[in-house]
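Everything below concerns the one structure shown next.
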Amino acid sequence: MKKIINNPADVVDEMLEGIAFMNGDLVKRLDGFNVVVRKAPKSGKVGLISGGGSGHEPSHAGFVGEGMLSAAVAGAVFTSPTPDQILEAIKAADEGQGVFMVIKNYSGDIMNFEMAQELAEMEDIPIQSVVVDDDIAVEDSLYTQGRRGVAGTILVHKILGDAARQGKSLAEIKELADKLVLNIKTIGVALSGATVPEVGKPGFVLDEDEMEYGVGIHGEPGYRREKMQPSKELAKELTDKLLTDFEAKPGEQYALLINGLGATPLMEQYIFASDVHKILQDQGLDIVFKKIGNYMTSIDMAGLSLTLLRLEDPAWLDALKAPVFTPAW
Amino acid sequence: MNTAQSMEWMRLFNDKIQASKEYLSELDTPIGDGDHGTNMARGMAAVMETLDGKDFANPAEVFKAVSMQLISKVGGASGPLYGSAFMGMMKALAAGQNLDDVLQAGLDMIQKRGKAVPNEKTMVDVWSEAIAANRQEKLSTALIQQFVDQTKDMKATKGRASYVGERSIGHIDPGAASSGLLFEAMLEAGIKNEG
């Protein structure tokens with residue numbers, strides 16, 4: 001393992017110090033907690049929080065700021081944050097109208113956020129939440145807990161963040177969130193495994209000429225391992241999977257997110273983007289919003305994910321385009 | 001169970017968790033995300049820091065401290081599950097129940113939080129079998145090992161291992177393995193049904 005760290009046990013704490021220092025105009029760290037909150041003044045609206053294991057930077061602290069998240073909680077690497085930490089984020093985000101939680105679909109995250117919700121309700125803070133499950137890679141009858149939550153989550157942060165800023169109620173945000181998550185789908189490919197600092201070796205190993213489709217952002221196994229292919233073949237596999245799952249029809253409007261998993265350079269992401277563009281164009285889809293870069297990473301995993309959001313409601317596009325002040329959007 | 005026994009149980013459980021840290025994480029690697037050992041080790045280290053050198057009035061007080069530390073230090077799924085288990089056991093102890101019912105209260109909380117039933121390749125399998133064996137006063141280290149090993153042939157439909165479905169067959173469930181250590185520690189601490 002070769003990493004720019006000090007003690008592996010201190011990575012989350014030291015990373016949060018760095019985030020707070022580098023973005024001191026936008027966010028601050030809550031003293032004694034692994035919680036990043038925005039500095040924007042409170043204005044009596046619904047608070048929006050998210051969080052999860054660390055190792056997915058800039059998620060989620062990078063999306064804290066005016067127009068997006070009120071606060072984000074960072075757990076240990078690839079490990080859900082604990083209820084006491086989530087409760088602090090809820091309390092910091094509360095502006096008197098309740099707090100909405102964006103949770104990625106992992107059993108640990110759901111249990112910890114549920115316990116935090118129970119604690120918050122004891123303190124009379126109303127809570128609602130949505131579980132994002134955009135990864136279509138591993139759904140079939142075996143996976144009874146459903147799909148994993150991955151990169152599409154940041155689009156949820158953006159659209160719900162805008163709704164909260166507009167003064168929507170907790171119930172209205174819940175209704176919007178439930179509709180939104182049904183229209184977001186993601187699928188990825190990995191070229192190498194991620195190394196958790198405290199473990200010291202990769203979670204899985206691929207041969208020099210191998211790749212795996214559908215790997216999760218914690219290195220969970222995907223759906224197929226095969227020989228490395230050119231970018232256009234990856235683009236075809238991943239785009240076809242998404243469009244089939246959507247039953248996409250020509251003329252529909254979509255937002256597109258190409259997300260690097262940590263160790264894949266932007267040069268490769270842009271090449272992949274060019275291949276995806278050709279396919280989407282051939283299908284006659286209208287791509288009205290695009291984003292590329294590292295947003296939901298898996299430490300040093302090489303690979304990328306492709307997300308499409310079907311813009312069922314034209315207001316979602318306005319929400320995506322609305323300016324925000326965050327470290328990473 | 002007296003206060004000293006409950007402290008001894010936790011001390012032995014911590015020793016086993018620290019000694020098996022790498023093994024538990026290795027079990028978690030093919031079917032989970034490889035952190036069960038590190039998470040449990042971090043949580044039990046925090047538990048021992050809280051327990052060491054302090055006086056507790058009764059075992060319920062001990063388990064209350066254990067529960068709070070596990071909930072706030074472990075994270076993942078193991079934190080809420082083990083933390084809830086000790087919370088359930090704490091309440092049953094405070095109500096003066098016997099060991100079987102105390103353990104059953106722990107299992108009930110695990111199932112409430114994790115929504116799992118037996119045969120889903122989780123810690124629930126070891127807990128339910130161990131409690132049944134204990135009711136018949138037959139629980140032994142060999143039996144516990146057998147309960148842990150039985151999860152190998154099950155297919156995961158709950159917990160993070162469920163994301164790999166049939167590929168989970170052939171691997172021991174990490175939560176079942178750490179639960180096995182908990183029951184072994186209980187036996188070694190000499191805790192059994194009274195009267």
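Convention: chains lettered A, B, ... in structure tokens order; per-chain residue numbering from 1; ligands numbered from 1 as shown.
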
Could the residues of chain A that have an atom at most 10 Å from chain B be listed as a tab-separated table, each with its closest atom pair and the distance in Å to one decimal, counting only C-alpha atoms and ordered by chain and ascending residue number?
residue	atom	partner	partner_atom	distance
A:Ala9	CA	B:Arg42	CA	9.8
A:Gly52	CA	B:Gly76	CA	9.2
A:Gly53	CA	B:Gly76	CA	8.2
A:Gly75	CA	B:Gly75	CA	7.1
A:Ala76	CA	B:Gly75	CA	7.6
A:Val77	CA	B:Asp35	CA	8.8
A:Phe78	CA	B:Asp33	CA	7.4
A:Thr79	CA	B:Gly76	CA	4.8
A:Ser80	CA	B:Gly76	CA	4.4
A:Pro81	CA	B:Gly75	CA	5.3
A:Thr82	CA	B:Gly75	CA	4.8
A:Pro83	CA	B:Ser72	CA	6.6
A:Asp84	CA	B:Ser72	CA	6.0
A:Gln85	CA	B:Ser72	CA	7.8
A:Tyr106	CA	B:Arg160	CA	7.1
A:Ser107	CA	B:Gly159	CA	6.0
A:Gly108	CA	B:Ala77	CA	3.7
A:Asp109	CA	B:Gly76	CA	6.6
A:Ile110	CA	B:Ala77	CA	8.5
A:Met111	CA	B:Pro80	CA	6.4
A:Asn112	CA	B:Pro80	CA	6.3
A:Phe113	CA	B:Pro80	CA	9.9
A:Glu114	CA	B:Arg113	CA	9.1
A:Met115	CA	B:Pro80	CA	7.8
A:Val138	CA	B:Tyr163	CA	7.0
A:Glu139	CA	B:Tyr163	CA	8.5
A:Asp140	CA	B:Gly165	CA	9.4
A:Ser141	CA	B:Gly165	CA	9.0
A:Leu142	CA	B:Gly165	CA	5.3
A:Tyr143	CA	B:Tyr163	CA	5.5
A:Thr144	CA	B:Thr157	CA	5.9
A:Gln145	CA	B:Lys158	CA	6.8
A:Gly146	CA	B:Tyr163	CA	8.0
A:Arg147	CA	B:Tyr163	CA	8.2
A:Arg148	CA	B:Tyr163	CA	8.2
A:Val196	CA	B:Gly34	CA	8.8
A:Glu198	CA	B:Thr38	CA	7.8
A:Val199	CA	B:Asp35	CA	7.8
A:Pro202	CA	B:Thr29	CA	9.8
A:Gly203	CA	B:Thr29	CA	6.4
A:Phe204	CA	B:Pro30	CA	8.0
A:Gly216	CA	B:Tyr163	CA	9.3
A:Ile217	CA	B:Asp33	CA	9.7
A:His218	CA	B:Asp33	CA	6.0
A:Gly219	CA	B:Asp33	CA	6.8
A:Glu220	CA	B:Gly32	CA	6.6
A:Pro221	CA	B:Val164	CA	6.5
A:Gly222	CA	B:Val164	CA	8.1
A:Tyr223	CA	B:Val164	CA	9.1

May I have the residues from that selection written out with N, CA and C atoms, as a CSV table (one decimal), in the first residue's frame?
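Generated output (out-v1.csv):
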chain,number,residue,atom,x,y,z
A,9,ALA,N,-5.6,4.9,11.0
A,9,ALA,CA,-6.7,5.0,11.9
A,9,ALA,C,-7.2,6.5,11.9
A,52,GLY,N,-22.5,8.9,4.8
A,52,GLY,CA,-22.2,7.5,4.5
A,52,GLY,C,-20.8,7.2,4.9
A,53,GLY,N,-20.3,6.1,4.6
A,53,GLY,CA,-18.9,5.8,4.8
A,53,GLY,C,-18.0,6.7,4.1
A,75,GLY,N,-18.7,8.6,8.0
A,75,GLY,CA,-18.4,7.4,8.8
A,75,GLY,C,-17.0,7.0,8.6
A,76,ALA,N,-16.5,5.9,9.2
A,76,ALA,CA,-15.2,5.4,9.0
A,76,ALA,C,-15.2,4.9,7.5
A,77,VAL,N,-14.0,4.6,7.0
A,77,VAL,CA,-13.9,4.3,5.5
A,77,VAL,C,-14.9,3.1,5.2
A,78,PHE,N,-15.7,3.3,4.2
A,78,PHE,CA,-16.7,2.3,3.8
A,78,PHE,C,-17.6,1.7,4.9
A,79,THR,N,-17.8,2.5,5.9
A,79,THR,CA,-18.6,2.1,7.0
A,79,THR,C,-19.6,3.2,7.4
A,80,SER,N,-20.9,2.8,7.5
A,80,SER,CA,-21.9,3.8,7.8
A,80,SER,C,-21.5,4.6,9.1
A,81,PRO,N,-21.9,5.9,9.1
A,81,PRO,CA,-21.7,6.7,10.3
A,81,PRO,C,-22.6,6.2,11.4
A,82,THR,N,-22.4,6.5,12.6
A,82,THR,CA,-23.1,6.0,13.8
A,82,THR,C,-24.3,7.0,14.1
A,83,PRO,N,-25.3,6.5,14.8
A,83,PRO,CA,-26.5,7.3,15.1
A,83,PRO,C,-26.2,8.6,15.8
A,84,ASP,N,-25.3,8.6,16.8
A,84,ASP,CA,-25.0,9.8,17.5
A,84,ASP,C,-24.4,10.9,16.6
A,85,GLN,N,-23.6,10.5,15.7
A,85,GLN,CA,-23.0,11.5,14.7
A,85,GLN,C,-24.1,12.0,13.8
A,106,TYR,N,-27.9,0.8,1.7
A,106,TYR,CA,-27.0,-0.3,2.3
A,106,TYR,C,-27.6,-0.6,3.7
A,107,SER,N,-27.6,-1.8,4.1
A,107,SER,CA,-28.3,-2.2,5.3
A,107,SER,C,-27.8,-1.4,6.5
A,108,GLY,N,-26.4,-1.2,6.6
A,108,GLY,CA,-25.8,-0.5,7.7
A,108,GLY,C,-26.3,1.0,7.7
A,109,ASP,N,-26.3,1.6,6.6
A,109,ASP,CA,-26.7,3.0,6.5
A,109,ASP,C,-28.1,3.2,7.0
A,110,ILE,N,-29.0,2.3,6.5
A,110,ILE,CA,-30.4,2.4,6.8
A,110,ILE,C,-30.6,2.2,8.3
A,111,MET,N,-30.0,1.2,8.9
A,111,MET,CA,-30.1,1.0,10.4
A,111,MET,C,-29.6,2.2,11.2
A,112,ASN,N,-28.5,2.7,10.8
A,112,ASN,CA,-27.9,3.8,11.6
A,112,ASN,C,-28.8,5.1,11.4
A,113,PHE,N,-29.2,5.4,10.2
A,113,PHE,CA,-30.0,6.6,10.0
A,113,PHE,C,-31.4,6.4,10.7
A,114,GLU,N,-31.9,5.2,10.7
A,114,GLU,CA,-33.2,4.9,11.3
A,114,GLU,C,-33.1,5.2,12.8
A,115,MET,N,-32.0,4.7,13.4
A,115,MET,CA,-31.8,4.9,14.9
A,115,MET,C,-31.6,6.4,15.1
A,138,VAL,N,-26.9,-5.2,-10.0
A,138,VAL,CA,-27.1,-6.4,-9.3
A,138,VAL,C,-28.6,-6.8,-8.9
A,139,GLU,N,-29.5,-6.2,-9.6
A,139,GLU,CA,-30.9,-6.5,-9.2
A,139,GLU,C,-31.3,-7.8,-10.0
A,140,ASP,N,-31.7,-8.8,-9.2
A,140,ASP,CA,-32.5,-9.8,-9.7
A,140,ASP,C,-33.1,-10.5,-8.5
A,141,SER,N,-33.8,-11.6,-8.7
A,141,SER,CA,-34.5,-12.2,-7.6
A,141,SER,C,-33.6,-12.5,-6.4
A,142,LEU,N,-32.3,-12.7,-6.6
A,142,LEU,CA,-31.5,-13.1,-5.5
A,142,LEU,C,-31.3,-11.9,-4.5
A,143,TYR,N,-31.3,-10.7,-5.1
A,143,TYR,CA,-30.9,-9.5,-4.3
A,143,TYR,C,-32.1,-8.9,-3.6
A,144,THR,N,-32.6,-9.6,-2.6
A,144,THR,CA,-33.9,-9.2,-2.1
A,144,THR,C,-33.8,-7.8,-1.4
A,145,GLN,N,-32.6,-7.3,-1.1
A,145,GLN,CA,-32.6,-6.0,-0.5
A,145,GLN,C,-32.5,-4.9,-1.5
A,146,GLY,N,-32.6,-5.3,-2.8
A,146,GLY,CA,-32.6,-4.4,-3.9
A,146,GLY,C,-31.3,-3.8,-4.3
A,147,ARG,N,-31.4,-2.7,-5.0
A,147,ARG,CA,-30.2,-2.2,-5.6
A,147,ARG,C,-29.4,-1.3,-4.7
A,148,ARG,N,-28.1,-1.2,-5.0
A,148,ARG,CA,-27.3,-0.3,-4.1
A,148,ARG,C,-27.4,1.2,-4.5
A,196,VAL,N,-8.6,-0.1,1.2
A,196,VAL,CA,-9.0,0.6,2.4
A,196,VAL,C,-7.8,0.7,3.3
A,198,GLU,N,-7.0,1.0,6.4
A,198,GLU,CA,-6.8,0.1,7.6
A,198,GLU,C,-6.6,-1.3,7.2
A,199,VAL,N,-7.0,-1.7,6.0
A,199,VAL,CA,-6.9,-3.1,5.5
A,199,VAL,C,-5.5,-3.3,4.8
A,202,PRO,N,-5.9,-4.4,-1.7
A,202,PRO,CA,-7.2,-4.2,-2.4
A,202,PRO,C,-8.3,-5.2,-2.0
A,203,GLY,N,-9.5,-4.7,-2.0
A,203,GLY,CA,-10.7,-5.6,-1.7
A,203,GLY,C,-10.8,-6.7,-2.7
A,204,PHE,N,-10.4,-6.5,-3.9
A,204,PHE,CA,-10.4,-7.6,-4.9
A,204,PHE,C,-9.3,-7.3,-5.9
A,216,GLY,N,-19.6,-2.7,-7.1
A,216,GLY,CA,-20.2,-1.7,-6.2
A,216,GLY,C,-19.1,-0.7,-5.7
A,217,ILE,N,-19.5,0.4,-5.1
A,217,ILE,CA,-18.5,1.4,-4.7
A,217,ILE,C,-17.8,1.0,-3.4
A,218,HIS,N,-18.1,-0.2,-2.9
A,218,HIS,CA,-17.2,-0.7,-1.8
A,218,HIS,C,-16.5,-1.9,-2.3
A,219,GLY,N,-16.5,-2.1,-3.6
A,219,GLY,CA,-15.8,-3.3,-4.2
A,219,GLY,C,-16.7,-4.5,-4.2
A,220,GLU,N,-18.0,-4.4,-4.0
A,220,GLU,CA,-18.9,-5.6,-4.0
A,220,GLU,C,-18.8,-6.1,-5.4
A,221,PRO,N,-18.9,-7.5,-5.5
A,221,PRO,CA,-18.8,-8.1,-6.8
A,221,PRO,C,-19.8,-7.6,-7.8
A,222,GLY,N,-19.5,-7.6,-9.1
A,222,GLY,CA,-20.4,-7.1,-10.1
A,222,GLY,C,-21.1,-8.3,-10.8
A,223,TYR,N,-21.4,-8.1,-12.1
A,223,TYR,CA,-22.2,-9.1,-12.7
A,223,TYR,C,-21.4,-9.9,-13.8

Write out as number ranges by chain which residues come within 12 Å of Leu306 (chain A) when counting only C-alpha atoms, dropping same-chain ones fewer than 4 positions away.
A: 134-137, 150-152, 184-190, 213-214, 234-243, 255-261, 269, 272-273, 275-277, 290-296

Could you write out that same residue set with C-alpha atoms as a PDB file, in the first residue's frame?
ATOM      1  CA  ASP A 134     -29.845   3.688  -8.495  1.00  0.00           C
ATOM      2  CA  ASP A 135     -27.300   0.925  -9.244  1.00  0.00           C
ATOM      3  CA  ILE A 136     -28.995  -1.448 -11.683  1.00  0.00           C
ATOM      4  CA  ALA A 137     -26.027  -3.859 -11.806  1.00  0.00           C
ATOM      5  CA  VAL A 150     -24.278   5.016  -5.852  1.00  0.00           C
ATOM      6  CA  ALA A 151     -23.383   8.109  -7.936  1.00  0.00           C
ATOM      7  CA  GLY A 152     -26.971   9.057  -8.801  1.00  0.00           C
ATOM      8  CA  ILE A 184     -32.306   7.610 -11.698  1.00  0.00           C
ATOM      9  CA  LYS A 185     -30.243   4.647 -12.834  1.00  0.00           C
ATOM     10  CA  THR A 186     -26.510   3.992 -12.672  1.00  0.00           C
ATOM     11  CA  ILE A 187     -24.142   1.261 -13.771  1.00  0.00           C
ATOM     12  CA  GLY A 188     -20.365   1.021 -13.510  1.00  0.00           C
ATOM     13  CA  VAL A 189     -17.250  -0.845 -14.526  1.00  0.00           C
ATOM     14  CA  ALA A 190     -14.099  -1.403 -12.464  1.00  0.00           C
ATOM     15  CA  TYR A 213     -18.926  -4.814 -14.895  1.00  0.00           C
ATOM     16  CA  GLY A 214     -21.277  -3.778 -12.113  1.00  0.00           C
ATOM     17  CA  LEU A 234     -17.667  -0.342 -22.424  1.00  0.00           C
ATOM     18  CA  ALA A 235     -19.891   2.554 -23.462  1.00  0.00           C
ATOM     19  CA  LYS A 236     -22.119   0.210 -25.454  1.00  0.00           C
ATOM     20  CA  GLU A 237     -22.454  -2.330 -22.626  1.00  0.00           C
ATOM     21  CA  LEU A 238     -23.219   0.239 -19.947  1.00  0.00           C
ATOM     22  CA  THR A 239     -25.467   2.502 -22.019  1.00  0.00           C
ATOM     23  CA  ASP A 240     -27.460  -0.434 -23.416  1.00  0.00           C
ATOM     24  CA  LYS A 241     -28.025  -1.772 -19.901  1.00  0.00           C
ATOM     25  CA  LEU A 242     -29.335   1.593 -18.712  1.00  0.00           C
ATOM     26  CA  LEU A 243     -31.542   2.236 -21.741  1.00  0.00           C
ATOM     27  CA  ALA A 255     -29.521  14.260 -17.497  1.00  0.00           C
ATOM     28  CA  LEU A 256     -26.174  12.463 -17.838  1.00  0.00           C
ATOM     29  CA  LEU A 257     -23.522  11.949 -15.171  1.00  0.00           C
ATOM     30  CA  ILE A 258     -20.200  10.275 -15.920  1.00  0.00           C
ATOM     31  CA  ASN A 259     -18.437   9.602 -12.635  1.00  0.00           C
ATOM     32  CA  GLY A 260     -14.839   8.549 -12.101  1.00  0.00           C
ATOM     33  CA  LEU A 261     -14.283   6.001  -9.324  1.00  0.00           C
ATOM     34  CA  GLN A 269     -13.595   9.729 -18.813  1.00  0.00           C
ATOM     35  CA  PHE A 272     -15.814   7.321 -22.726  1.00  0.00           C
ATOM     36  CA  ALA A 273     -18.140  10.363 -22.791  1.00  0.00           C
ATOM     37  CA  ASP A 275     -18.525   7.117 -27.081  1.00  0.00           C
ATOM     38  CA  VAL A 276     -21.624   7.434 -24.880  1.00  0.00           C
ATOM     39  CA  HIS A 277     -22.642  10.561 -26.789  1.00  0.00           C
ATOM     40  CA  LYS A 290     -24.295  16.774 -18.432  1.00  0.00           C
ATOM     41  CA  LYS A 291     -21.705  16.388 -15.729  1.00  0.00           C
ATOM     42  CA  ILE A 292     -18.339  14.623 -15.702  1.00  0.00           C
ATOM     43  CA  GLY A 293     -15.646  14.049 -13.065  1.00  0.00           C
ATOM     44  CA  ASN A 294     -15.061  12.340  -9.739  1.00  0.00           C
ATOM     45  CA  TYR A 295     -18.178  12.743  -7.590  1.00  0.00           C
ATOM     46  CA  MET A 296     -18.828   9.372  -5.913  1.00  0.00           C
TER      47      MET A 296
END

For Ala177 (chain B), which residue out of B:Phe63, B:Phe56, B:Trp9, B:Trp127 is the nearest one, using only C-alpha atoms?
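With only C-alpha atoms as the atom set, the closest residue is B:Trp127.
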
Minimum-distance residue to Lys192 (chain B), chosen among B:Asp153, B:Glu61, B:Asp125, B:Glu137 (using only C-alpha atoms)
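Ranking B:Asp153, B:Glu61, B:Asp125, B:Glu137 by distance to Lys192 (chain B), first place goes to B:Glu137.
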
Per-residue DSSP, region 182-232 of chain A, filtered to strand (DSSP E or B), as an MDAnalysis selection string:
chainID A and resid 184:190 195 202 210:213 224:227

I need the residues from that last selection saved to file as a compact mmCIF listing (two decimals), in the first residue's frame (with C-alpha atoms), if you can.
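Output (result_18.txt):
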# COMPACT_ATOMS: atom_id res chain seq x y z
CA ILE A 184 -32.31 7.61 -11.70
CA LYS A 185 -30.24 4.65 -12.83
CA THR A 186 -26.51 3.99 -12.67
CA ILE A 187 -24.14 1.26 -13.77
CA GLY A 188 -20.36 1.02 -13.51
CA VAL A 189 -17.25 -0.84 -14.53
CA ALA A 190 -14.10 -1.40 -12.46
CA THR A 195 -7.52 -0.35 -0.94
CA PRO A 202 -7.16 -4.22 -2.40
CA GLU A 210 -9.33 -7.84 -16.91
CA MET A 211 -12.26 -5.66 -15.95
CA GLU A 212 -15.53 -6.27 -14.09
CA TYR A 213 -18.93 -4.81 -14.89
CA ARG A 224 -19.51 -10.09 -15.25
CA ARG A 225 -15.73 -10.25 -15.45
CA GLU A 226 -14.09 -10.21 -18.86
CA LYS A 227 -11.03 -9.18 -20.87

What does the distance between CA of Lys232 (chain A) and CA of Glu268 (chain A) come to in Å, to one decimal place?
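According to the coordinates, CA of Lys232 (chain A) and CA of Glu268 (chain A) are separated by 11.3 Å.
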
Write out as number ranges by chain the residues lying within 9 Å of region 36-51 of chain A, counting only C-alpha atoms and excluding same-chain residues fewer than 2 positions away.
A: 16, 19-20, 24-30, 33-34, 53-54, 59-61, 64-66, 68-75, 80-81, 86, 89-90, 92-104, 109, 157, 160-161, 164-170, 173, 326

Name the residues of region 27-114 of chain A that come out as helix (DSSP H, G or I) in a backbone DSSP run; write them as a compact mmCIF listing (two decimals) with C-alpha atoms, in the first residue's frame.
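The new file selection.txt reads:
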# COMPACT_ATOMS: atom_id res chain seq x y z
CA ALA A 61 -19.17 16.78 2.42
CA GLY A 62 -18.33 18.30 -0.95
CA PHE A 63 -22.02 18.91 -1.59
CA PRO A 83 -26.52 7.33 15.07
CA ASP A 84 -25.00 9.82 17.54
CA GLN A 85 -23.03 11.47 14.71
CA ILE A 86 -26.06 11.54 12.40
CA LEU A 87 -28.12 13.07 15.22
CA GLU A 88 -25.60 15.93 15.50
CA ALA A 89 -25.91 16.56 11.76
CA ILE A 90 -29.70 16.60 12.10
CA LYS A 91 -29.57 19.07 14.97
CA ALA A 92 -27.13 21.32 13.09
CA ALA A 93 -29.32 21.19 9.94
CA SER A 107 -28.30 -2.18 5.33
CA GLY A 108 -25.83 -0.48 7.69
CA ASP A 109 -26.69 3.03 6.51
CA ILE A 110 -30.41 2.36 6.80
CA MET A 111 -30.13 0.99 10.36
CA ASN A 112 -27.93 3.84 11.61
CA PHE A 113 -30.04 6.56 9.98
CA GLU A 114 -33.21 4.91 11.35

Compare A:His56, A:Lys179, A:Lys174, A:Lys3 by their minimum atom-to-atom distance to Thr297 (chain A), counting only C-alpha atoms, and give me the closest one.
A:His56

Identify, on the basis of only C-alpha atoms, every residue whose closest approach to region 146-148 of chain B does not exceed 10 Å; exclude the query and any residue fewer than 4 positions from it along the same chain; express the result as a ChimeraX atom specification.
/B:121-123,125-130,140-142,152,172-181

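If only C-alpha atoms are the atoms counted, then among B:Leu143, B:Leu51, B:Ile131, B:Ala185 the closest residue to Leu99 (chain B) is B:Ile131.
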
When you look at Val47 (chain B) with a cut-off of 8 Å (counting only C-alpha atoms), what residues show up, excluding the ones that are within fewer than 5 positions of it in the same chain? I need them as a PyMOL selection string.
chain B and resi 65-66+69-70
